[in-house]
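Note sheet for the following structure.
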Amino acid sequence: MTNLEEYRAKIDEIDKTLIEKVDERMRIAEDIAKYKQANDMKIVDPAREHALMEKVTDDSANDMAYYNRMMFSLLMEMSADHQRQVTDSESKVVKEIRNAIQNTPSVFPEKAVVACQGVQGAYSQNACEKMFKMPKIVYTKNFKGVFAAIDKGLCRYGVLPVENSTAGTVNQVYDLMKAYDFHIVKSIKVKIEHSLLVNDGVQKSDIKEIISHEQAISQCEDYLRREFPDAKITVYENTAAAAKYLAESGRKDAAALGGEINGEYYSLIPLERGVQDSDSNYTRFICITKPLEIYPGANKTSFMCVTDHTPGSLYKVMSAINACGINITKLESRPIPNSDFDFQFYFDFEESVYTEEFVRLMNHLEGVCKEFRYMGSYIEL
């Protein structure tokens with residue numbers, strides 16, 4: 001009877017042959033790459049790939065067709081990537097990245113005109129003041145106003161919240177990303193602590209309505225359910241705006257959820273502090289600008305893409321990132337407006353912009369995505 005070691009010996013022998021044949025295949029791919037370059041042909045030939053996958057299916061045993069298609073899909077990705085390396089053909093985005101690295105100042109600016117959503121005392125202001133030593137802040141009514149201020153050149157930078165550790169993604173911001181031309185230059189995680197803010201003299205038993213931003217309400221959901229089960233919940237565009245309204249109205253039957261700094265700005269009393277459901281409550285903010293700027297030390301990258309509406313399309317993107325040994329820190333999908341169930345994917349990953357793996361991945365992604373948009377490389381504080 002054959003034992004386990006004998007089975008493994010057979011596998012090892014087959015693996016040795018596979019390695020030799022893959023090497024041989026890749027060397028032939030080099031010759032193909034040079035031929036394509038000499039004849040001004042594109043590296044990727046979709047018709048050839050489709051025909052090859054059909055042949056693989058036809059040549060495979062029924063129970064092995066799935067695995068063989070998976071293997072050959074990866075082989076074609078490897079071949080295309082290697083052909084790009086052989087021809088030294090850098091994608092448009094890689095050229096833009098190299099140019100930005102060379103031309104961006106070596107130090108992030110201390111002073112700048114920065115757009116933030118809300119009013120004075122907003123959490124975005126706090127994040128902005130941690131990124132810039134001396135910012136001149138221009139407040140906008142909504143998130144769209146921040147993007148528009150950057151797009152029209154009214155402000156050089158803008159600060160926006162993108163996700164919270166408790167409440168999740170800020171969908172409004174992600175939905176606006178597709179509509180505007182911008183790049184991320186820095187990000188920061190800010191600890192969020194909410195207080196129950198009231199006008200002077202208000203007691204807890206007086207409160208019939210809670211007002212705040214939807215994210216803050218979500219972050220204090222358990223507290224509100226426990227302490228104010230019958231209170232009316234009113235959503236405001238910003239925690240600071242809610243605090244400002246409460247102070248100006250002088251209402252004795254309402255409270256605002258927000259940072260203690262909101263109370264300081266608008267003379268409100270923190271009736272209870274730390275009312276968020278989690279002590280580990282952080283919001284991630286990004287700093288955006290229109291031109292591509294990449295400051296020294298950039299080790300985090302964001303991009304968005306649309307893949308073909310076919311099986312395995314997203315897998316090609318994921319496998320390329322995995323093959324480079326790069327860690328994905330965020331993957332978000334958002335529906336594309338006016339489309340038939342098509343989705344835009346947003347990726348964040350960790351890798352220095354100076355590594356060979358980073359350049360290889362950027363070269364590769366443009367070739368496997370229906371649409372690809374590089375959003376920037378930056379340091380996260």
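Following the order of the structure tokens, first chain is A, next is B, and so on, with residues numbered from 1 inside each chain and ligands from 1 in the order they appear.
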Find the residues near Pro270 (chain A): any atom within 7 Å, counting only C-alpha atoms, skip ones fewer than 5 places away on the same chain, and give them as a ChimeraX atom specification.
/A:195-198,260,263
What's around Ala231 (chain A) at 7 Å? Count only C-alpha atoms, leave out sequence neighbours fewer than 3 positions away in its own chain, and write the answer as a list in words.
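My reading of the contact set: Lys208, Glu209, Ile210 and Phe228 of chain A.
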Who sits within 8 Å of Leu176 (chain A), only C-alpha atoms, same chain under 3 positions skipped, as a PyMOL selection string
chain A and resi 144+147+172-173+179-180
If we count only C-alpha atoms, what is near Val114 (chain A) at a cut-off of 8 Å, once residues fewer than 5 positions away on the same chain are taken out, given as an MDAnalysis selection string?
chainID A and resid 128 135:138 155:159
Pick out the residues sitting within 8 Å of region 239-244 of chain A, and hand them over as a list in words; count only C-alpha atoms, and ignore anything fewer than 3 positions along from it in its own chain.
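So, after excluding close chain neighbours, the residues are Gly118, Val119, Gln120, Gly121, Ala122, Tyr123, Leu197, Ile211, Ser212, His213, Ala216, Tyr236, Ala247, Glu248, Ala256, Leu257, Gly258, Gly259, Asn262, Gly263, Tyr266 and Leu268 of chain A.
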Which of these residues is nearest to Tyr174 (chain A), using only C-alpha atoms: A:Thr289, A:Thr307, A:Ser333, A:Ser313?
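Closest to Tyr174 (chain A), using only C-alpha atoms: A:Ser333.
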When DSSP is applied to the backbone of this structure, which of region 13-131 of chain A are assigned strand (DSSP E)? Write them out as a PDB file with all heavy atoms, in the first residue's frame.
ATOM      1  N   LYS A 111       1.136  75.988   7.253  1.00  0.00           N
ATOM      2  CA  LYS A 111       0.036  76.934   7.066  1.00  0.00           C
ATOM      3  C   LYS A 111      -0.648  76.660   5.735  1.00  0.00           C
ATOM      4  O   LYS A 111       0.021  76.394   4.738  1.00  0.00           O
ATOM      5  CB  LYS A 111       0.560  78.375   7.096  1.00  0.00           C
ATOM      6  CG  LYS A 111       1.194  78.788   8.398  1.00  0.00           C
ATOM      7  CD  LYS A 111       1.467  80.283   8.445  1.00  0.00           C
ATOM      8  CE  LYS A 111       2.490  80.708   7.406  1.00  0.00           C
ATOM      9  NZ  LYS A 111       2.807  82.157   7.498  1.00  0.00           N
ATOM     10  N   ALA A 112      -1.970  76.741   5.743  1.00  0.00           N
ATOM     11  CA  ALA A 112      -2.726  76.545   4.507  1.00  0.00           C
ATOM     12  C   ALA A 112      -4.175  76.941   4.739  1.00  0.00           C
ATOM     13  O   ALA A 112      -4.643  76.985   5.875  1.00  0.00           O
ATOM     14  CB  ALA A 112      -2.652  75.089   4.057  1.00  0.00           C
ATOM     15  N   VAL A 113      -4.863  77.251   3.644  1.00  0.00           N
ATOM     16  CA  VAL A 113      -6.304  77.478   3.709  1.00  0.00           C
ATOM     17  C   VAL A 113      -6.975  76.115   3.542  1.00  0.00           C
ATOM     18  O   VAL A 113      -6.768  75.426   2.537  1.00  0.00           O
ATOM     19  CB  VAL A 113      -6.777  78.442   2.603  1.00  0.00           C
ATOM     20  CG1 VAL A 113      -8.284  78.651   2.697  1.00  0.00           C
ATOM     21  CG2 VAL A 113      -6.036  79.775   2.714  1.00  0.00           C
ATOM     22  N   VAL A 114      -7.767  75.721   4.524  1.00  0.00           N
ATOM     23  CA  VAL A 114      -8.316  74.362   4.574  1.00  0.00           C
ATOM     24  C   VAL A 114      -9.836  74.403   4.726  1.00  0.00           C
ATOM     25  O   VAL A 114     -10.359  75.115   5.590  1.00  0.00           O
ATOM     26  CB  VAL A 114      -7.710  73.561   5.748  1.00  0.00           C
ATOM     27  CG1 VAL A 114      -8.174  72.107   5.685  1.00  0.00           C
ATOM     28  CG2 VAL A 114      -6.190  73.639   5.739  1.00  0.00           C
ATOM     29  N   ALA A 115     -10.532  73.638   3.900  1.00  0.00           N
ATOM     30  CA  ALA A 115     -11.985  73.542   3.987  1.00  0.00           C
ATOM     31  C   ALA A 115     -12.387  72.415   4.925  1.00  0.00           C
ATOM     32  O   ALA A 115     -11.849  71.308   4.839  1.00  0.00           O
ATOM     33  CB  ALA A 115     -12.581  73.314   2.604  1.00  0.00           C
ATOM     34  N   CYS A 116     -13.340  72.699   5.822  1.00  0.00           N
ATOM     35  CA  CYS A 116     -13.886  71.696   6.740  1.00  0.00           C
ATOM     36  C   CYS A 116     -15.407  71.817   6.736  1.00  0.00           C
ATOM     37  O   CYS A 116     -15.943  72.926   6.670  1.00  0.00           O
ATOM     38  CB  CYS A 116     -13.371  71.888   8.162  1.00  0.00           C
ATOM     39  SG  CYS A 116     -11.609  71.540   8.390  1.00  0.00           S
ATOM     40  N   GLN A 117     -16.086  70.696   6.847  1.00  0.00           N
ATOM     41  CA  GLN A 117     -17.543  70.724   6.908  1.00  0.00           C
ATOM     42  C   GLN A 117     -18.006  71.058   8.320  1.00  0.00           C
ATOM     43  O   GLN A 117     -17.431  70.600   9.306  1.00  0.00           O
ATOM     44  CB  GLN A 117     -18.098  69.354   6.486  1.00  0.00           C
ATOM     45  CG  GLN A 117     -19.610  69.279   6.424  1.00  0.00           C
ATOM     46  CD  GLN A 117     -20.236  68.718   7.680  1.00  0.00           C
ATOM     47  OE1 GLN A 117     -19.564  68.133   8.514  1.00  0.00           O
ATOM     48  NE2 GLN A 117     -21.535  68.899   7.828  1.00  0.00           N
TER      49      GLN A 117
END
At a cut-off of 8 Å, using only C-alpha atoms, what residues contact region 88-100 of chain A? Leave out same-chain residues fewer than 3 positions from it and give the result as a count of residues only.
12
What's around Ile288 (chain A) at 8 Å? Count only C-alpha atoms, leave out sequence neighbours fewer than 3 positions away in its own chain, and write the answer as a JSON list (two decimals) with N, CA and C atoms, in the first residue's frame.
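Final file, result13.json:
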[["chain", "number", "residue", "atom", "x", "y", "z"],
["A", 150, "ILE", "N", -12.18, 72.60, -3.02],
["A", 150, "ILE", "CA", -10.91, 72.13, -3.56],
["A", 150, "ILE", "C", -10.94, 72.19, -5.09],
["A", 157, "TYR", "N", -6.51, 72.79, 0.54],
["A", 157, "TYR", "CA", -6.74, 71.49, 1.15],
["A", 157, "TYR", "C", -8.15, 71.41, 1.72],
["A", 158, "GLY", "N", -8.59, 70.18, 1.96],
["A", 158, "GLY", "CA", -9.86, 69.93, 2.62],
["A", 158, "GLY", "C", -9.72, 68.74, 3.54],
["A", 159, "VAL", "N", -10.45, 68.74, 4.65],
["A", 159, "VAL", "CA", -10.41, 67.64, 5.61],
["A", 159, "VAL", "C", -11.80, 67.02, 5.72],
["A", 160, "LEU", "N", -11.85, 65.69, 5.59],
["A", 160, "LEU", "CA", -13.13, 64.97, 5.55],
["A", 160, "LEU", "C", -13.07, 63.69, 6.39],
["A", 182, "PHE", "N", -9.51, 64.76, -7.14],
["A", 182, "PHE", "CA", -8.75, 65.11, -5.93],
["A", 182, "PHE", "C", -7.73, 64.02, -5.65],
["A", 183, "HIS", "N", -6.82, 64.31, -4.70],
["A", 183, "HIS", "CA", -5.86, 63.31, -4.22],
["A", 183, "HIS", "C", -5.73, 63.42, -2.70],
["A", 184, "ILE", "N", -5.48, 62.31, -2.07],
["A", 184, "ILE", "CA", -5.28, 62.28, -0.61],
["A", 184, "ILE", "C", -3.80, 62.52, -0.31],
["A", 185, "VAL", "N", -3.51, 63.41, 0.64],
["A", 185, "VAL", "CA", -2.12, 63.73, 0.96],
["A", 185, "VAL", "C", -1.75, 63.37, 2.41],
["A", 186, "LYS", "N", -2.76, 63.12, 3.23],
["A", 186, "LYS", "CA", -2.48, 62.75, 4.62],
["A", 186, "LYS", "C", -3.76, 62.21, 5.24]]
Write out as a VMD selection string the set of residues from region 108-290 of chain A that DSSP, computed on the backbone, places in helix (DSSP H, G or I).
chain A and resid 123 to 131 143 to 151 171 to 177 204 to 206 214 to 219 221 to 227 239 to 249 260 to 266
Of the candidates A:Ile233, A:Tyr67, A:Asp31, A:Val190, which one gets nearest to Phe285 (chain A) if we count only C-alpha atoms?
A:Val190
